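All remarks here apply to the structure that follows.
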Amino acid sequence: MYDLDLLEHTDTVNELLARYGVKFGIYKNNTFKEQLFPFDAIPRVIEKEEFDYLEKGLKQRVVALNLFLKDIYSEKKIVKDNVVPEDFIFASSGYMAECEGVTPIKDIYSHISGIDLVQGKDRNWYVLEDNLRVPSGASYPMIARELCRRSSPLTFQNTRLEDNRNYAKLLRRTMDNVNAGGHTVILTPGRYNAAYFEHSYLAEKTGAHLVNGSELRVKDDKLYYVTYDGKLERVGAVYRRISDEYLDPMNFNPESVIGIPHIYDVYRKGNVALLNAPGNGIADDKGIYYFVPKMIRYYLGEEPILNNAPTYLPFYEEDMKYVLEHFEQLVLKDVAEAGGYGVVFGSSMSRTQKEAFIELLKKEPRRFIAQEVIDFLDLDILEGSEMLPRKADLRAFVLMADEPLVWKSGLTRFSRNPDSFIVNSSQGGGFKDTWVLSQ
Amino acid sequence: MKRLHFEYDMHLTYSEPAKTSHFTIKCMPQSTDRQRVEALDIRIEPADSMEEGRDSFGNRLIFGNVNREHDRFGFHITGSVLTGLSDAETSERENMLGAYRYPHGLTVPGESLKAYLKQLAPEALGSALEKGIFLMHSLYRDFTYEKNVTNVNTGAEEAWRLGKGVCQDYAHILVTLCRMQGIPARYVAGMLIAEGYSHAWVEILHGNRWYALDPTNDLVVSDSHIKLGVGRDAADCSINRGIVTGGGKQQQQVRVVVKED
């Protein structure tokens, strides 16, 4: 499938990535460390038919999640109809009462969704997580493809695969679809952010302005970009790469110095689009994840195409019983944590740890979900001249423009530690390009 | 029923010139089942930009900014309101009720408030209103009014442990206790006849209507209160929120006058 020639260029591509500043920042023990995001040249290859299946399932899932968000911030039919218990809404830190009654332009909440999947040894795909707030990662396979093509053009002449460099076009279409009139900007918290490379790369590729908070200003009921000579130019869409909490010190965290005072007030009036909408945290809460297949049935009247990993909610008595009986074979996740934190394997706990955990679980059952450990299909990575199997996942990107669009690629992340199941880049893993074959 | 005239005056002075200011003011009474606004006049100075808006809790607001050097900022609101038109307010925004039943921000109970509620055991009482009034009486008896012990960021649990505070603390504690009983409860910011400063109380849902309880004064609100805003806690309906760059030291003066016709 892939040419050996490409693999010989692993080092060249990694050097180029370093030169382009493709880095990933991580906070650990309160210090910020920037490190290279190691690239492995062996791509993950997905056959056309298989990706067609994923594409259908991803669209269905994201359409349902958008309907869920609209429902939660208005009528809450899904709660009234007892599909989702209200505890999972109102007690969740992802629910923001400040978003009640606010309708984003064209009813789109999650413009850019990052859906994390794994493939099991049984070849089935499972969704592990939905990321509907500020999912990052699309830029890495984009630039990796670009650099691979440059280093090993022959490889790509001989392979019929979908060109993934169209992501910028899809993103631009998504931003333009909701633009309320004026410039489109990408709002970055600055170069110390983990994903700063991505912010600047996407701005360059989409032709959007890369701005920080101090370059935007609210005047009357509109948002403006302040030019170098002090003129104000209207902004109609903001792809913001900062979290809800820091977006607007006048409406959310007053300590935020990277936000724009009153941006939320003009958003509320429909005069600017925010991608993604504030308040989305309620839909990618790990507790809500359990309900996504139910959501698909509820809103769309369809059977879910993609599976969740088998998940139990200790909140329900039956599930609690199952979890206690099968503790050793399950993975437990704290619903409030992200980035691979707050994940523990029942099998790896000592007896005292287990007892302490079970006590906590009984005290706060809503705080945890339990999942069967999926037997991942390993992907090979190249270490020196050796091919070694490693756990890997796939972050697929779904964009909601005038219609849902699935990017025919994705970020494949792998764990460098052979024993680890956690592939999150915040935990220091590497990445691969994802090739989707075009025939 | 009373006709109340009010004046709300907020004045900030800076020791050094301020470069920019952003403000959000939630100080505009609205007509409800209980009160009718007959006149309202709002002056904000200085302001380079000013817009009206409404938040998710239904409060009217004005947001804006000042983009030139200034050494003071203030607003002056006057109006007259007919109060006591009804004993309660019909519930609107029914979709928001969940938010008023769960702990949030300054209304998160800790061990000591949980123990207090357990000791009071209001479960035996009948209706939401009976429980609410009982909790109000108990709180009035067991909590002491004292200024300068708590501040605007003090939560219900902390205030309860201190055992004393002001109207904001009374309101937060009562809201928290009611919610622990499953009664939707919200924080109300407003003004009280002849007080000289702003006031806070509580609304609880009984049947399909919001009843107002003033735990600081141990009374069921009738016609001496003007309601300005509601929220899950004080932060949702703070009358005046602002950010300033520059300005040095700030001095704030607030004057509130509420008189009967």
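Just so we're on the same page: first chain in the structure tokens is A, next is B, and so on; residues restart at 1 for each chain, and ligands are numbered from 1 in the order they show up.
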- Item | Within 8 Å of Thr216 (chain B) using only C-alpha atoms, minus same-chain residues under 6 positions, as a ChimeraX atom specification | /B:140,145,166-167,170-171,201
- For chain A, report every residue with an atom at most 8 Å from chain B (counting only C-alpha atoms), formatted as a ChimeraX atom specification. /A:74-76,86,90-91,97-102,219-221,250,261-262,265,269
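The spacing separating CA of His209 (chain A) from CA of Tyr246 (chain A) amounts to 19.9 Å.
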- Task: Find the residues around Phe368 (chain A) up to 12 Å (only C-alpha atoms counted), leave out those fewer than 2 positions away in its own chain, and share them as a count of residues only.
- Result: 39
- What's the 10 Å shell around region 246-261 of chain B, counting only C-alpha atoms, without same-chain residues fewer than 3 positions away, as a count of residues only? 47
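Nearest residue to Gly94 (chain A), choosing from A:Ile282, A:Ala392, A:Leu223, A:Val211 and counting only C-alpha atoms: A:Ile282.
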- Out of region 155-197 of chain A, which residues get strand (DSSP E or B) from DSSP, as a VMD selection string? chain A and resid 161 183 to 187
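Put simply, CA of Val436 (chain A) is 5.7 Å away from CA of Leu161 (chain A).
Nearest to Ala88 (chain B) of all the residues B:Ala185, B:Leu205, B:Ile173, B:Leu113 is B:Leu205, based on only C-alpha atoms.
We find CA of Phe252 (chain A) and CA of Thr176 (chain B) to be spaced 22.0 Å apart.
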- Message: Write out as a ChimeraX atom specification the set of residues from region 18-257 of chain B that DSSP, computed on the backbone, places in helix (DSSP H, G or I).
- Response: /B:94-100,105-107,111-120,122-124,128-142,156-162,167-180,234-237
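The environment of Gly132 (chain B) within 8 Å, counting only C-alpha atoms and disregarding residues fewer than 3 places along the same chain, consists of B:Ala128, B:Leu129, B:Leu135, B:Met136, B:Cys178, B:Ile204, B:Leu213.
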Same residues, N, CA and C atoms, output as a CSV table (one decimal), in the first residue's frame:
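As written to disk, selection02.csv reads:
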chain,number,residue,atom,x,y,z
B,128,ALA,N,-44.4,23.7,49.5
B,128,ALA,CA,-43.1,24.4,49.3
B,128,ALA,C,-43.1,25.8,50.1
B,129,LEU,N,-44.3,26.5,50.0
B,129,LEU,CA,-44.3,27.8,50.7
B,129,LEU,C,-44.2,27.6,52.2
B,135,LEU,N,-38.2,27.8,56.9
B,135,LEU,CA,-36.7,27.9,56.7
B,135,LEU,C,-36.3,29.4,56.9
B,136,MET,N,-37.1,30.3,56.4
B,136,MET,CA,-36.8,31.7,56.6
B,136,MET,C,-36.8,32.1,58.1
B,178,CYS,N,-33.5,25.9,50.4
B,178,CYS,CA,-34.7,25.5,49.7
B,178,CYS,C,-34.4,24.5,48.6
B,204,ILE,N,-39.2,31.7,45.8
B,204,ILE,CA,-39.4,30.3,45.7
B,204,ILE,C,-40.6,29.9,44.9
B,213,LEU,N,-39.6,35.9,49.6
B,213,LEU,CA,-39.4,35.9,51.0
B,213,LEU,C,-38.1,36.7,51.3
- Residue contacts of region 175-178 of chain A (12 Å, only C-alpha atoms) excluding same-chain residues fewer than 5 positions away, as a ChimeraX atom specification: /A:104-112,168-170,183-186,203,206-208,235-240,267,270-277,399-404
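Residues surrounding Val175 (chain B) within 8 Å are B:Thr107, B:Ala185, B:Arg186, B:Tyr187, B:Val202 [only C-alpha atoms; sequence separation below 6 positions excluded].
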Put those residues in a file: all heavy atoms, as a short mmCIF file (atom, residue, chain, number, x, y, z; two decimals), in the first residue's frame.
data_model
loop_
_atom_site.label_atom_id
_atom_site.label_comp_id
_atom_site.auth_asym_id
_atom_site.auth_seq_id
_atom_site.Cartn_x
_atom_site.Cartn_y
_atom_site.Cartn_z
N THR B 107 -24.09 29.26 45.89
CA THR B 107 -25.16 28.55 46.61
C THR B 107 -24.88 27.05 46.70
O THR B 107 -25.80 26.24 46.63
CB THR B 107 -26.52 28.77 45.92
OG1 THR B 107 -26.46 28.20 44.61
CG2 THR B 107 -26.87 30.23 45.82
N ALA B 185 -35.56 27.77 43.77
CA ALA B 185 -35.39 29.02 44.51
C ALA B 185 -34.41 29.90 43.77
O ALA B 185 -33.46 29.41 43.17
CB ALA B 185 -34.86 28.72 45.91
N ARG B 186 -34.67 31.21 43.77
CA ARG B 186 -33.74 32.12 43.08
C ARG B 186 -33.45 33.35 43.92
O ARG B 186 -34.23 33.73 44.80
CB ARG B 186 -34.25 32.47 41.69
CG ARG B 186 -35.62 33.09 41.64
CD ARG B 186 -36.12 33.16 40.21
NE ARG B 186 -37.32 34.00 40.11
CZ ARG B 186 -37.99 34.18 38.98
NH1 ARG B 186 -37.60 33.58 37.87
NH2 ARG B 186 -39.06 34.95 38.95
N TYR B 187 -32.32 33.89 43.61
CA TYR B 187 -31.82 35.07 44.30
C TYR B 187 -32.43 36.31 43.64
O TYR B 187 -32.50 36.39 42.42
CB TYR B 187 -30.30 35.07 44.17
CG TYR B 187 -29.58 36.21 44.84
CD1 TYR B 187 -29.02 36.05 46.12
CD2 TYR B 187 -29.44 37.45 44.21
CE1 TYR B 187 -28.35 37.10 46.73
CE2 TYR B 187 -28.77 38.50 44.82
CZ TYR B 187 -28.23 38.31 46.08
OH TYR B 187 -27.55 39.34 46.68
N VAL B 202 -35.32 36.47 48.31
CA VAL B 202 -35.41 35.16 47.67
C VAL B 202 -36.80 34.97 47.07
O VAL B 202 -37.79 35.46 47.61
CB VAL B 202 -35.17 34.06 48.75
CG1 VAL B 202 -35.40 32.66 48.20
CG2 VAL B 202 -33.77 34.19 49.33
#
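Distances from A:His9, A:Arg241, A:Lys391, A:Lys321 to Arg150 (chain A) were compared using only C-alpha atoms, and the smallest one belongs to A:His9.
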